Amino acid sequence: MSKVEKFEDLKVWQDGINLSIHVYQTLGACRDFSLKDQMCRAAVSVPSNIAEGFERHSNKEFIRFLRIAKGSSGELRSQIYIAIGTGLITEEKGTELISKSRLLSAMIQNLIKTRETNF
């Protein structure tokens, strides 16, 4: 495993970026601008908080921002369920986004545990 020197090296950050892009692409034609804005903000918050925490160069701060990122991932999932329920996105597309968000949350949790244990 290579040494992580910048947040862009983190797989969890890369996956967060990909999820954000996927959310934006899925909601491109969505006319409910309020929910679309909230979902996009939650999605963008995940990799943004990972990056911000990493850049603080403090393990305690990094863990704090990882927890915020994990919370944003949960917030996004809740909004996806609303989008499915109201017909703004298909169940198929929503299920795909939920799966990606759950995986990302698990990755963040694993990184939190690693940072708490090894640093």
# chains A, B, ... in the order shown; residues from 1 in each chain; ligands from 1

call {"tool": "residues_around", "arguments": {"residues": "Ala51 (chain A)", "least_positions_apart": "5", "cutoff": "8 Å", "atoms": "only C-alpha atoms", "output": "list of chain:residue names"}}
result
A:Phe7, A:Glu8, A:Trp13

call {"tool": "write_last_selection", "arguments": {"atoms": "N, CA and C atoms", "output": "PDB file, in the first residue's frame"}}
result
ATOM      1  N   PHE A   7      -5.145  14.271  -0.126  1.00  0.00           N
ATOM      2  CA  PHE A   7      -6.477  13.677  -0.027  1.00  0.00           C
ATOM      3  C   PHE A   7      -6.928  13.046  -1.337  1.00  0.00           C
ATOM      4  N   GLU A   8      -6.397  13.531  -2.452  1.00  0.00           N
ATOM      5  CA  GLU A   8      -6.758  12.963  -3.752  1.00  0.00           C
ATOM      6  C   GLU A   8      -6.312  11.508  -3.896  1.00  0.00           C
ATOM      7  N   TRP A  13     -12.218   9.296  -0.854  1.00  0.00           N
ATOM      8  CA  TRP A  13     -12.470  10.612  -1.445  1.00  0.00           C
ATOM      9  C   TRP A  13     -12.828  10.456  -2.922  1.00  0.00           C
TER      10      TRP A  13
END

call {"tool": "closest_residue", "arguments": {"among": "A:Thr114, A:Gln14, A:Ser73, A:Gln79", "to": "Leu35 (chain A)", "atoms": "only C-alpha atoms"}}
result
A:Gln79

call {"tool": "select_by_dssp", "arguments": {"residues": "chain A", "states": "alpha helix (DSSP H)", "output": "PyMOL selection string"}}
result
chain A and resi 11-26+33-55+59-85+91-118

call {"tool": "closest_atom_pairs", "arguments": {"of": "region 49-76 of chain A", "to": "region 106-111 of chain A", "cutoff": "10 Å", "atoms": "only C-alpha atoms", "output": "Markdown table"}}
result
| residue | atom | partner | partner_atom | distance |
| --- | --- | --- | --- | --- |
| A:Ile50 | CA | A:Ile108 | CA | 8.8 |
| A:Ile63 | CA | A:Leu111 | CA | 8.4 |
| A:Leu66 | CA | A:Ile108 | CA | 6.5 |
| A:Arg67 | CA | A:Ile108 | CA | 7.8 |
| A:Ala69 | CA | A:Ile108 | CA | 7.8 |
| A:Lys70 | CA | A:Ile108 | CA | 6.3 |
| A:Ser73 | CA | A:Ile108 | CA | 9.6 |

call {"tool": "write_last_selection", "arguments": {"atoms": "C-alpha atoms", "output": "PDB file, in the first residue's frame"}}
result
ATOM      1  CA  ILE A  50     -12.979  14.291   3.714  1.00  0.00           C
ATOM      2  CA  ILE A  63     -11.771  12.006  12.334  1.00  0.00           C
ATOM      3  CA  LEU A  66     -14.893  12.041   8.507  1.00  0.00           C
ATOM      4  CA  ARG A  67     -17.855  11.792  10.888  1.00  0.00           C
ATOM      5  CA  ALA A  69     -18.878  13.244   5.830  1.00  0.00           C
ATOM      6  CA  LYS A  70     -20.524  10.028   7.039  1.00  0.00           C
ATOM      7  CA  SER A  73     -23.872  10.332   3.257  1.00  0.00           C
TER       8      SER A  73
END

call {"tool": "residues_around", "arguments": {"residues": "region 22-29 of chain A", "least_positions_apart": "6", "cutoff": "8 Å", "atoms": "only C-alpha atoms", "output": "PDB file with C-alpha atoms, in the first residue's frame"}}
result
ATOM      1  CA  LYS A  36     -32.274  18.649  -6.087  1.00  0.00           C
ATOM      2  CA  MET A  39     -29.323  16.271  -2.542  1.00  0.00           C
ATOM      3  CA  CYS A  40     -26.480  17.825  -4.493  1.00  0.00           C
ATOM      4  CA  ALA A  43     -23.470  14.601  -2.023  1.00  0.00           C
ATOM      5  CA  ILE A  89     -36.051   9.453  -9.747  1.00  0.00           C
ATOM      6  CA  LYS A  93     -31.606   4.665 -10.158  1.00  0.00           C
ATOM      7  CA  LEU A  97     -27.372   5.584  -5.518  1.00  0.00           C
TER       8      LEU A  97
END

call {"tool": "residues_around", "arguments": {"residues": "Phe119 (chain A)", "least_positions_apart": "4", "cutoff": "12 Å", "atoms": "only C-alpha atoms", "output": "number ranges by chain"}}
result
A: 57-60, 62-63, 111-115

call {"tool": "write_last_selection", "arguments": {"atoms": "N, CA and C atoms", "output": "short mmCIF file (atom, residue, chain, number, x, y, z; two decimals), in the first residue's frame"}}
result
data_model
loop_
_atom_site.label_atom_id
_atom_site.label_comp_id
_atom_site.auth_asym_id
_atom_site.auth_seq_id
_atom_site.Cartn_x
_atom_site.Cartn_y
_atom_site.Cartn_z
N HIS A 57 -4.36 18.37 8.90
CA HIS A 57 -3.13 17.74 9.40
C HIS A 57 -3.18 17.45 10.90
N SER A 58 -4.37 17.09 11.37
CA SER A 58 -4.56 16.68 12.76
C SER A 58 -5.47 15.45 12.73
N ASN A 59 -5.03 14.37 13.35
CA ASN A 59 -5.83 13.15 13.34
C ASN A 59 -7.21 13.38 13.95
N LYS A 60 -7.25 14.11 15.07
CA LYS A 60 -8.52 14.41 15.73
C LYS A 60 -9.46 15.17 14.80
N PHE A 62 -9.27 15.29 11.50
CA PHE A 62 -9.60 14.43 10.36
C PHE A 62 -10.77 13.51 10.73
N ILE A 63 -10.69 12.89 11.90
CA ILE A 63 -11.77 12.01 12.33
C ILE A 63 -13.08 12.78 12.46
N LEU A 111 -12.34 3.88 7.80
CA LEU A 111 -11.23 4.83 7.91
C LEU A 111 -11.22 5.48 9.30
N ILE A 112 -12.40 5.78 9.82
CA ILE A 112 -12.49 6.34 11.18
C ILE A 112 -11.88 5.36 12.18
N LYS A 113 -12.28 4.10 12.09
CA LYS A 113 -11.76 3.08 13.02
C LYS A 113 -10.24 2.96 12.90
N THR A 114 -9.75 2.96 11.67
CA THR A 114 -8.31 2.88 11.45
C THR A 114 -7.60 4.07 12.08
N ARG A 115 -8.12 5.25 11.86
CA ARG A 115 -7.49 6.46 12.40
C ARG A 115 -7.55 6.48 13.93
#

call {"tool": "atom_distance", "arguments": {"atom1": "CA of Ile17 (chain A)", "atom2": "CA of Glu116 (chain A)"}}
result
24.1 Å

call {"tool": "closest_residue", "arguments": {"among": "A:Glu92, A:Thr117, A:Ser105, A:Asn49", "to": "Gly74 (chain A)", "atoms": "only C-alpha atoms"}}
result
A:Ser105

call {"tool": "residues_around", "arguments": {"residues": "Ser72 (chain A)", "least_positions_apart": "3", "cutoff": "9 Å", "atoms": "only C-alpha atoms", "output": "PDB file with N, CA and C atoms, in the first residue's frame"}}
result
ATOM      1  N   ARG A  41     -26.081  19.181  -2.512  1.00  0.00           N
ATOM      2  CA  ARG A  41     -25.266  19.707  -1.416  1.00  0.00           C
ATOM      3  C   ARG A  41     -24.787  18.590  -0.492  1.00  0.00           C
ATOM      4  N   ALA A  42     -25.690  17.651  -0.168  1.00  0.00           N
ATOM      5  CA  ALA A  42     -25.306  16.529   0.699  1.00  0.00           C
ATOM      6  C   ALA A  42     -24.239  15.680   0.015  1.00  0.00           C
ATOM      7  N   ALA A  43     -24.430  15.422  -1.278  1.00  0.00           N
ATOM      8  CA  ALA A  43     -23.470  14.601  -2.023  1.00  0.00           C
ATOM      9  C   ALA A  43     -22.100  15.269  -2.076  1.00  0.00           C
ATOM     10  N   VAL A  44     -22.073  16.553  -2.351  1.00  0.00           N
ATOM     11  CA  VAL A  44     -20.814  17.295  -2.444  1.00  0.00           C
ATOM     12  C   VAL A  44     -20.141  17.405  -1.075  1.00  0.00           C
ATOM     13  N   SER A  45     -20.946  17.432  -0.031  1.00  0.00           N
ATOM     14  CA  SER A  45     -20.420  17.552   1.323  1.00  0.00           C
ATOM     15  C   SER A  45     -19.534  16.372   1.716  1.00  0.00           C
ATOM     16  N   VAL A  46     -19.823  15.193   1.184  1.00  0.00           N
ATOM     17  CA  VAL A  46     -19.058  14.001   1.575  1.00  0.00           C
ATOM     18  C   VAL A  46     -17.578  14.137   1.196  1.00  0.00           C
ATOM     19  N   ARG A  67     -16.517  12.014  10.309  1.00  0.00           N
ATOM     20  CA  ARG A  67     -17.855  11.792  10.888  1.00  0.00           C
ATOM     21  C   ARG A  67     -18.893  12.700  10.230  1.00  0.00           C
ATOM     22  N   ILE A  68     -18.522  13.925   9.955  1.00  0.00           N
ATOM     23  CA  ILE A  68     -19.430  14.839   9.259  1.00  0.00           C
ATOM     24  C   ILE A  68     -19.725  14.298   7.864  1.00  0.00           C
ATOM     25  N   ALA A  69     -18.701  13.819   7.171  1.00  0.00           N
ATOM     26  CA  ALA A  69     -18.878  13.244   5.830  1.00  0.00           C
ATOM     27  C   ALA A  69     -19.816  12.044   5.880  1.00  0.00           C
ATOM     28  N   GLU A  75     -27.578  11.564   5.183  1.00  0.00           N
ATOM     29  CA  GLU A  75     -28.536  12.593   4.771  1.00  0.00           C
ATOM     30  C   GLU A  75     -28.915  12.400   3.300  1.00  0.00           C
ATOM     31  N   LEU A  76     -27.927  12.148   2.474  1.00  0.00           N
ATOM     32  CA  LEU A  76     -28.178  11.918   1.052  1.00  0.00           C
ATOM     33  C   LEU A  76     -29.090  10.713   0.849  1.00  0.00           C
ATOM     34  N   ARG A  77     -28.823   9.618   1.563  1.00  0.00           N
ATOM     35  CA  ARG A  77     -29.668   8.426   1.413  1.00  0.00           C
ATOM     36  C   ARG A  77     -31.116   8.729   1.766  1.00  0.00           C
TER      37      ARG A  77
END

call {"tool": "atom_distance", "arguments": {"atom1": "CA of Arg31 (chain A)", "atom2": "CA of Lys100 (chain A)"}}
result
23.5 Å

call {"tool": "atom_distance", "arguments": {"atom1": "CA of Asp15 (chain A)", "atom2": "CA of Phe65 (chain A)"}}
result
16.4 Å

call {"tool": "closest_residue", "arguments": {"among": "A:Gly87, A:Pro47, A:Gly16, A:Gly53", "to": "Ser101 (chain A)", "atoms": "only C-alpha atoms"}}
result
A:Gly16

call {"tool": "residues_around", "arguments": {"residues": "Thr95 (chain A)", "least_positions_apart": "4", "cutoff": "9 Å", "atoms": "only C-alpha atoms", "output": "JSON list (two decimals) with N, CA and C atoms, in the first residue's frame"}}
result
[["chain", "number", "residue", "atom", "x", "y", "z"],
["A", 80, "ILE", "N", -32.65, 10.51, -1.06],
["A", 80, "ILE", "CA", -32.87, 9.61, -2.20],
["A", 80, "ILE", "C", -34.18, 8.86, -2.03],
["A", 81, "TYR", "N", -34.44, 8.39, -0.80],
["A", 81, "TYR", "CA", -35.72, 7.71, -0.53],
["A", 81, "TYR", "C", -36.90, 8.63, -0.83],
["A", 84, "ILE", "N", -37.27, 8.92, -4.60],
["A", 84, "ILE", "CA", -37.91, 7.72, -5.15],
["A", 84, "ILE", "C", -39.40, 7.76, -4.87],
["A", 90, "THR", "N", -36.19, 7.22, -10.61],
["A", 90, "THR", "CA", -36.71, 5.85, -10.66],
["A", 90, "THR", "C", -36.20, 5.05, -9.47],
["A", 91, "GLU", "N", -36.93, 4.02, -9.14],
["A", 91, "GLU", "CA", -36.50, 3.14, -8.05],
["A", 91, "GLU", "C", -35.16, 2.49, -8.39],
["A", 99, "SER", "N", -27.09, 2.23, -2.77],
["A", 99, "SER", "CA", -26.04, 1.22, -2.62],
["A", 99, "SER", "C", -24.66, 1.87, -2.59],
["A", 100, "LYS", "N", -24.42, 2.81, -3.48],
["A", 100, "LYS", "CA", -23.13, 3.51, -3.52],
["A", 100, "LYS", "C", -22.91, 4.32, -2.24]]
